[in-house]
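A short write-up of the structure that comes next.
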Amino acid sequence: MKSKFKIKGLDCANCAADLERTIEKIEGIQKVSINFITQKMELEYDEKEEIIQKVKKVIKKEEPEVIIEEI
């Protein structure tokens with residue numbers, strides 16, 4: 001499955017790259033791409049509903065001020 005998200009509050013490109021690397025480690029994630037300039041994230045993942053919740057938890061842990069919304 002694929003999903004796109006708007007990311008608000010991400011401060012720097014290095015933070016985006018770190019977040020990508022962390023999210024890639026989640027079991028079931030096939031591909032993650034975070035574009036710091038457009039403030040968007042694209043995910044490809046297995047058809048497991050809990051994956052989105054895991055991604056949100058990782059983002060809140062790594063970048064607590066970041067808000068994500070599915071688009």
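Letters A, B, ... go to the chains of the structure tokens in the order shown; residues in each chain start at 1; ligands are counted from 1 in the same order.
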- Query: Which residues, written as a list in words, have at least one atom at most 12 Å from Ile51 of chain A, with only C-alpha atoms counted and residues fewer than 4 positions away on the same chain left out?
  - Reply: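 Surrounding residues, per the criterion: Met1, Lys2, Ser3, Ile23, Glu24, Lys25, Ile26, Glu27, Gly28, Ile29, Gln30, Leu43, Glu44, Tyr45, Asp46, Glu47, Val55, Lys56, Lys57 and Val58 of chain A.
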Keeping only N, CA, C and O atoms, write the selected residues to a file as a compact mmCIF listing (two decimals), in the first residue's frame.
# COMPACT_ATOMS: atom_id res chain seq x y z
N MET A 1 0.84 -1.17 0.00
CA MET A 1 0.00 0.00 0.00
C MET A 1 0.89 1.24 0.00
O MET A 1 2.03 1.19 0.43
N LYS A 2 0.31 2.35 -0.46
CA LYS A 2 1.01 3.62 -0.47
C LYS A 2 0.15 4.66 0.22
O LYS A 2 -1.07 4.66 0.09
N SER A 3 0.81 5.54 0.95
CA SER A 3 0.14 6.67 1.59
C SER A 3 1.03 7.89 1.50
O SER A 3 2.25 7.78 1.48
N ILE A 23 12.42 5.34 10.26
CA ILE A 23 11.17 4.75 9.78
C ILE A 23 11.44 3.53 8.91
O ILE A 23 10.70 2.54 8.96
N GLU A 24 12.52 3.55 8.12
CA GLU A 24 12.87 2.41 7.27
C GLU A 24 13.09 1.14 8.07
O GLU A 24 12.92 0.04 7.55
N LYS A 25 13.44 1.26 9.33
CA LYS A 25 13.72 0.11 10.18
C LYS A 25 12.45 -0.57 10.70
O LYS A 25 12.52 -1.67 11.23
N ILE A 26 11.31 0.07 10.55
CA ILE A 26 10.05 -0.51 11.02
C ILE A 26 9.69 -1.70 10.12
O ILE A 26 9.68 -1.58 8.89
N GLU A 27 9.41 -2.83 10.75
CA GLU A 27 9.04 -4.02 10.00
C GLU A 27 7.76 -3.77 9.21
O GLU A 27 6.79 -3.25 9.74
N GLY A 28 7.79 -4.08 7.92
CA GLY A 28 6.64 -3.88 7.06
C GLY A 28 6.76 -2.66 6.16
O GLY A 28 6.02 -2.52 5.19
N ILE A 29 7.69 -1.77 6.47
CA ILE A 29 7.92 -0.60 5.62
C ILE A 29 8.78 -1.03 4.44
O ILE A 29 9.85 -1.60 4.62
N GLN A 30 8.30 -0.77 3.25
CA GLN A 30 9.05 -1.10 2.04
C GLN A 30 9.88 0.08 1.56
O GLN A 30 10.99 -0.07 1.10
N LEU A 43 4.94 6.85 1.93
CA LEU A 43 5.24 5.54 2.49
C LEU A 43 4.73 4.45 1.57
O LEU A 43 3.66 4.58 0.99
N GLU A 44 5.51 3.38 1.45
CA GLU A 44 5.05 2.14 0.85
C GLU A 44 5.22 1.09 1.92
O GLU A 44 6.28 0.99 2.55
N TYR A 45 4.17 0.31 2.16
CA TYR A 45 4.19 -0.61 3.28
C TYR A 45 3.27 -1.80 3.02
O TYR A 45 2.43 -1.77 2.12
N ASP A 46 3.46 -2.84 3.86
CA ASP A 46 2.58 -3.99 3.81
C ASP A 46 1.18 -3.57 4.26
O ASP A 46 1.01 -2.52 4.86
N GLU A 47 0.23 -4.39 4.00
CA GLU A 47 -1.15 -4.04 4.32
C GLU A 47 -1.46 -4.27 5.80
O GLU A 47 -2.39 -4.97 6.15
N VAL A 55 4.60 4.33 12.70
CA VAL A 55 5.30 5.47 12.08
C VAL A 55 5.01 6.74 12.87
O VAL A 55 5.92 7.52 13.17
N LYS A 56 3.76 6.96 13.23
CA LYS A 56 3.40 8.15 14.00
C LYS A 56 4.11 8.17 15.36
O LYS A 56 4.57 9.22 15.80
N LYS A 57 4.22 7.01 16.01
CA LYS A 57 4.92 6.94 17.30
C LYS A 57 6.39 7.27 17.15
O LYS A 57 6.96 7.98 17.98
N VAL A 58 7.02 6.77 16.08
CA VAL A 58 8.44 7.05 15.83
C VAL A 58 8.64 8.54 15.61
O VAL A 58 9.56 9.15 16.16
- Message: Please identify the strand (DSSP E) residues within chain A (assignment by DSSP from backbone atoms) and present them as a list of chain:residue names.
- Response: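 Those in chain A that DSSP calls strand (DSSP E) are A:Lys2, A:Ser3, A:Lys4, A:Phe5, A:Lys6, A:Ile7, A:Lys8, A:Ile29, A:Gln30, A:Lys31, A:Val32, A:Ser33, A:Ile34, A:Asn35, A:Lys40, A:Met41, A:Glu42, A:Leu43, A:Glu44, A:Tyr45, A:Ile67, A:Ile68, A:Glu69, A:Glu70.
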Go ahead and write the residues just picked, N, CA, C and O atoms, as an mmCIF file, in the first residue's frame.
data_model
loop_
_atom_site.group_PDB
_atom_site.id
_atom_site.type_symbol
_atom_site.label_atom_id
_atom_site.label_comp_id
_atom_site.auth_asym_id
_atom_site.auth_seq_id
_atom_site.Cartn_x
_atom_site.Cartn_y
_atom_site.Cartn_z
ATOM 1 N N LYS A 2 0.309 2.347 -0.461
ATOM 2 C CA LYS A 2 1.012 3.620 -0.470
ATOM 3 C C LYS A 2 0.150 4.665 0.223
ATOM 4 O O LYS A 2 -1.066 4.660 0.088
ATOM 5 N N SER A 3 0.813 5.544 0.946
ATOM 6 C CA SER A 3 0.137 6.672 1.590
ATOM 7 C C SER A 3 1.026 7.893 1.501
ATOM 8 O O SER A 3 2.250 7.781 1.480
ATOM 9 N N LYS A 4 0.380 9.061 1.462
ATOM 10 C CA LYS A 4 1.108 10.332 1.459
ATOM 11 C C LYS A 4 0.667 11.138 2.666
ATOM 12 O O LYS A 4 -0.502 11.113 3.049
ATOM 13 N N PHE A 5 1.624 11.860 3.250
ATOM 14 C CA PHE A 5 1.367 12.645 4.441
ATOM 15 C C PHE A 5 1.978 14.033 4.311
ATOM 16 O O PHE A 5 3.024 14.197 3.696
ATOM 17 N N LYS A 6 1.319 14.997 4.897
ATOM 18 C CA LYS A 6 1.857 16.346 5.048
ATOM 19 C C LYS A 6 2.529 16.383 6.406
ATOM 20 O O LYS A 6 1.962 15.935 7.403
ATOM 21 N N ILE A 7 3.769 16.876 6.447
ATOM 22 C CA ILE A 7 4.525 16.967 7.691
ATOM 23 C C ILE A 7 4.713 18.438 8.028
ATOM 24 O O ILE A 7 5.272 19.186 7.241
ATOM 25 N N LYS A 8 4.236 18.839 9.192
ATOM 26 C CA LYS A 8 4.356 20.233 9.624
ATOM 27 C C LYS A 8 5.305 20.318 10.807
ATOM 28 O O LYS A 8 5.219 19.521 11.733
ATOM 29 N N ILE A 29 7.694 -1.766 6.471
ATOM 30 C CA ILE A 29 7.919 -0.595 5.622
ATOM 31 C C ILE A 29 8.779 -1.027 4.441
ATOM 32 O O ILE A 29 9.849 -1.597 4.617
ATOM 33 N N GLN A 30 8.301 -0.765 3.246
ATOM 34 C CA GLN A 30 9.053 -1.099 2.043
ATOM 35 C C GLN A 30 9.879 0.081 1.564
ATOM 36 O O GLN A 30 10.993 -0.071 1.099
ATOM 37 N N LYS A 31 9.302 1.293 1.676
ATOM 38 C CA LYS A 31 9.995 2.489 1.213
ATOM 39 C C LYS A 31 9.421 3.701 1.934
ATOM 40 O O LYS A 31 8.218 3.777 2.166
ATOM 41 N N VAL A 32 10.300 4.636 2.277
ATOM 42 C CA VAL A 32 9.863 5.903 2.866
ATOM 43 C C VAL A 32 10.666 7.020 2.214
ATOM 44 O O VAL A 32 11.851 6.879 1.952
ATOM 45 N N SER A 33 9.980 8.104 1.911
ATOM 46 C CA SER A 33 10.631 9.263 1.310
ATOM 47 C C SER A 33 10.064 10.517 1.973
ATOM 48 O O SER A 33 8.860 10.746 1.949
ATOM 49 N N ILE A 34 10.955 11.289 2.583
ATOM 50 C CA ILE A 34 10.542 12.551 3.211
ATOM 51 C C ILE A 34 11.210 13.689 2.455
ATOM 52 O O ILE A 34 12.427 13.723 2.329
ATOM 53 N N ASN A 35 10.400 14.604 1.948
ATOM 54 C CA ASN A 35 10.904 15.773 1.244
ATOM 55 C C ASN A 35 10.776 16.970 2.185
ATOM 56 O O ASN A 35 9.673 17.435 2.471
ATOM 57 N N LYS A 40 6.506 16.850 2.782
ATOM 58 C CA LYS A 40 5.666 15.685 2.505
ATOM 59 C C LYS A 40 6.443 14.402 2.715
ATOM 60 O O LYS A 40 7.651 14.344 2.527
ATOM 61 N N MET A 41 5.702 13.355 3.114
ATOM 62 C CA MET A 41 6.276 12.033 3.294
ATOM 63 C C MET A 41 5.436 11.037 2.512
ATOM 64 O O MET A 41 4.202 11.101 2.534
ATOM 65 N N GLU A 42 6.114 10.134 1.804
ATOM 66 C CA GLU A 42 5.441 9.056 1.095
ATOM 67 C C GLU A 42 5.902 7.733 1.691
ATOM 68 O O GLU A 42 7.096 7.536 1.926
ATOM 69 N N LEU A 43 4.940 6.850 1.926
ATOM 70 C CA LEU A 43 5.243 5.540 2.493
ATOM 71 C C LEU A 43 4.733 4.450 1.569
ATOM 72 O O LEU A 43 3.656 4.575 0.994
ATOM 73 N N GLU A 44 5.510 3.384 1.453
ATOM 74 C CA GLU A 44 5.053 2.139 0.846
ATOM 75 C C GLU A 44 5.220 1.087 1.924
ATOM 76 O O GLU A 44 6.281 0.991 2.545
ATOM 77 N N TYR A 45 4.168 0.312 2.160
ATOM 78 C CA TYR A 45 4.186 -0.615 3.278
ATOM 79 C C TYR A 45 3.269 -1.798 3.020
ATOM 80 O O TYR A 45 2.429 -1.772 2.124
ATOM 81 N N ILE A 67 3.887 17.499 13.284
ATOM 82 C CA ILE A 67 2.499 17.043 13.124
ATOM 83 C C ILE A 67 2.388 16.429 11.736
ATOM 84 O O ILE A 67 2.844 17.020 10.743
ATOM 85 N N ILE A 68 1.780 15.222 11.651
ATOM 86 C CA ILE A 68 1.589 14.621 10.342
ATOM 87 C C ILE A 68 0.097 14.433 10.077
ATOM 88 O O ILE A 68 -0.670 14.140 10.987
ATOM 89 N N GLU A 69 -0.269 14.653 8.814
ATOM 90 C CA GLU A 69 -1.656 14.499 8.383
ATOM 91 C C GLU A 69 -1.662 13.743 7.072
ATOM 92 O O GLU A 69 -0.910 14.083 6.156
ATOM 93 N N GLU A 70 -2.504 12.740 6.966
ATOM 94 C CA GLU A 70 -2.608 11.993 5.714
ATOM 95 C C GLU A 70 -3.292 12.865 4.665
ATOM 96 O O GLU A 70 -4.234 13.579 4.971
#
- Message: Rounded to one decimal, what separation in Å do you get between atom CA of Cys15 of chain A and atom CA of Glu49 of chain A?
- Response: 25.5 Å
- Message: I need the residue nearest Leu10 of chain A from this list: A:Val66, A:Ile52, A:Ile59, A:Ile37. Use only C-alpha atoms for the distance.
- Response: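 Between A:Val66, A:Ile52, A:Ile59, A:Ile37, the residue approaching Leu10 of chain A most closely is A:Val66.
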- Message: Counting only C-alpha atoms, which residue out of A:Phe36, A:Asn14, A:Leu19, A:Glu50 sits closest to Glu63 of chain A?
- Response: A:Leu19
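Atom pair atom CA of Lys54 of chain A / atom CA of Asp11 of chain A has a distance of 21.4 Å (rounded to one decimal).
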- Message: Based on the backbone DSSP call, show me all residues of segment 2-71 of chain A assigned alpha helix (DSSP H), as a PyMOL selection string.
- Response: chain A and resi 13-24+50-62
Give me a file of those residues, with N, CA and C atoms, as a short mmCIF file (atom, residue, chain, number, x, y, z; two decimals), in the first residue's frame.
data_model
loop_
_atom_site.label_atom_id
_atom_site.label_comp_id
_atom_site.auth_asym_id
_atom_site.auth_seq_id
_atom_site.Cartn_x
_atom_site.Cartn_y
_atom_site.Cartn_z
N ALA A 13 16.74 19.55 7.01
CA ALA A 13 16.90 18.42 6.10
C ALA A 13 17.56 17.23 6.79
N ASN A 14 18.50 17.50 7.71
CA ASN A 14 19.13 16.41 8.44
C ASN A 14 18.11 15.67 9.32
N CYS A 15 17.20 16.41 9.91
CA CYS A 15 16.15 15.79 10.72
C CYS A 15 15.29 14.88 9.84
N ALA A 16 14.98 15.34 8.64
CA ALA A 16 14.19 14.54 7.71
C ALA A 16 14.93 13.26 7.34
N ALA A 17 16.22 13.36 7.07
CA ALA A 17 17.01 12.18 6.71
C ALA A 17 17.09 11.20 7.89
N ASP A 18 17.28 11.72 9.09
CA ASP A 18 17.32 10.85 10.28
C ASP A 18 15.99 10.13 10.47
N LEU A 19 14.90 10.87 10.28
CA LEU A 19 13.57 10.29 10.41
C LEU A 19 13.36 9.19 9.37
N GLU A 20 13.78 9.44 8.14
CA GLU A 20 13.68 8.42 7.08
C GLU A 20 14.39 7.14 7.50
N ARG A 21 15.62 7.28 7.97
CA ARG A 21 16.41 6.10 8.36
C ARG A 21 15.73 5.33 9.49
N THR A 22 15.15 6.05 10.43
CA THR A 22 14.48 5.39 11.56
C THR A 22 13.21 4.69 11.10
N ILE A 23 12.42 5.34 10.26
CA ILE A 23 11.17 4.75 9.78
C ILE A 23 11.44 3.53 8.91
N GLU A 24 12.52 3.55 8.12
CA GLU A 24 12.87 2.41 7.27
C GLU A 24 13.09 1.14 8.07
N GLU A 50 -1.47 -1.33 11.62
CA GLU A 50 -0.67 -0.84 12.74
C GLU A 50 0.61 -0.16 12.29
N ILE A 51 1.02 -0.32 11.04
CA ILE A 51 2.26 0.30 10.56
C ILE A 51 2.15 1.83 10.64
N ILE A 52 1.03 2.38 10.24
CA ILE A 52 0.84 3.84 10.28
C ILE A 52 0.96 4.33 11.73
N GLN A 53 0.38 3.60 12.66
CA GLN A 53 0.48 3.98 14.07
C GLN A 53 1.93 3.91 14.56
N LYS A 54 2.67 2.90 14.11
CA LYS A 54 4.08 2.78 14.49
C LYS A 54 4.89 3.96 13.93
N VAL A 55 4.60 4.33 12.70
CA VAL A 55 5.30 5.47 12.08
C VAL A 55 5.01 6.74 12.87
N LYS A 56 3.76 6.96 13.23
CA LYS A 56 3.40 8.15 14.00
C LYS A 56 4.11 8.17 15.36
N LYS A 57 4.22 7.01 16.01
CA LYS A 57 4.92 6.94 17.30
C LYS A 57 6.39 7.27 17.15
N VAL A 58 7.02 6.77 16.08
CA VAL A 58 8.44 7.05 15.83
C VAL A 58 8.64 8.54 15.61
N ILE A 59 7.77 9.14 14.82
CA ILE A 59 7.89 10.58 14.54
C ILE A 59 7.73 11.38 15.84
N LYS A 60 6.75 11.03 16.66
CA LYS A 60 6.54 11.75 17.93
C LYS A 60 7.73 11.59 18.87
N LYS A 61 8.36 10.41 18.84
CA LYS A 61 9.52 10.18 19.70
C LYS A 61 10.74 10.97 19.22
N GLU A 62 10.99 10.93 17.90
CA GLU A 62 12.17 11.57 17.33
C GLU A 62 12.01 13.08 17.17
#
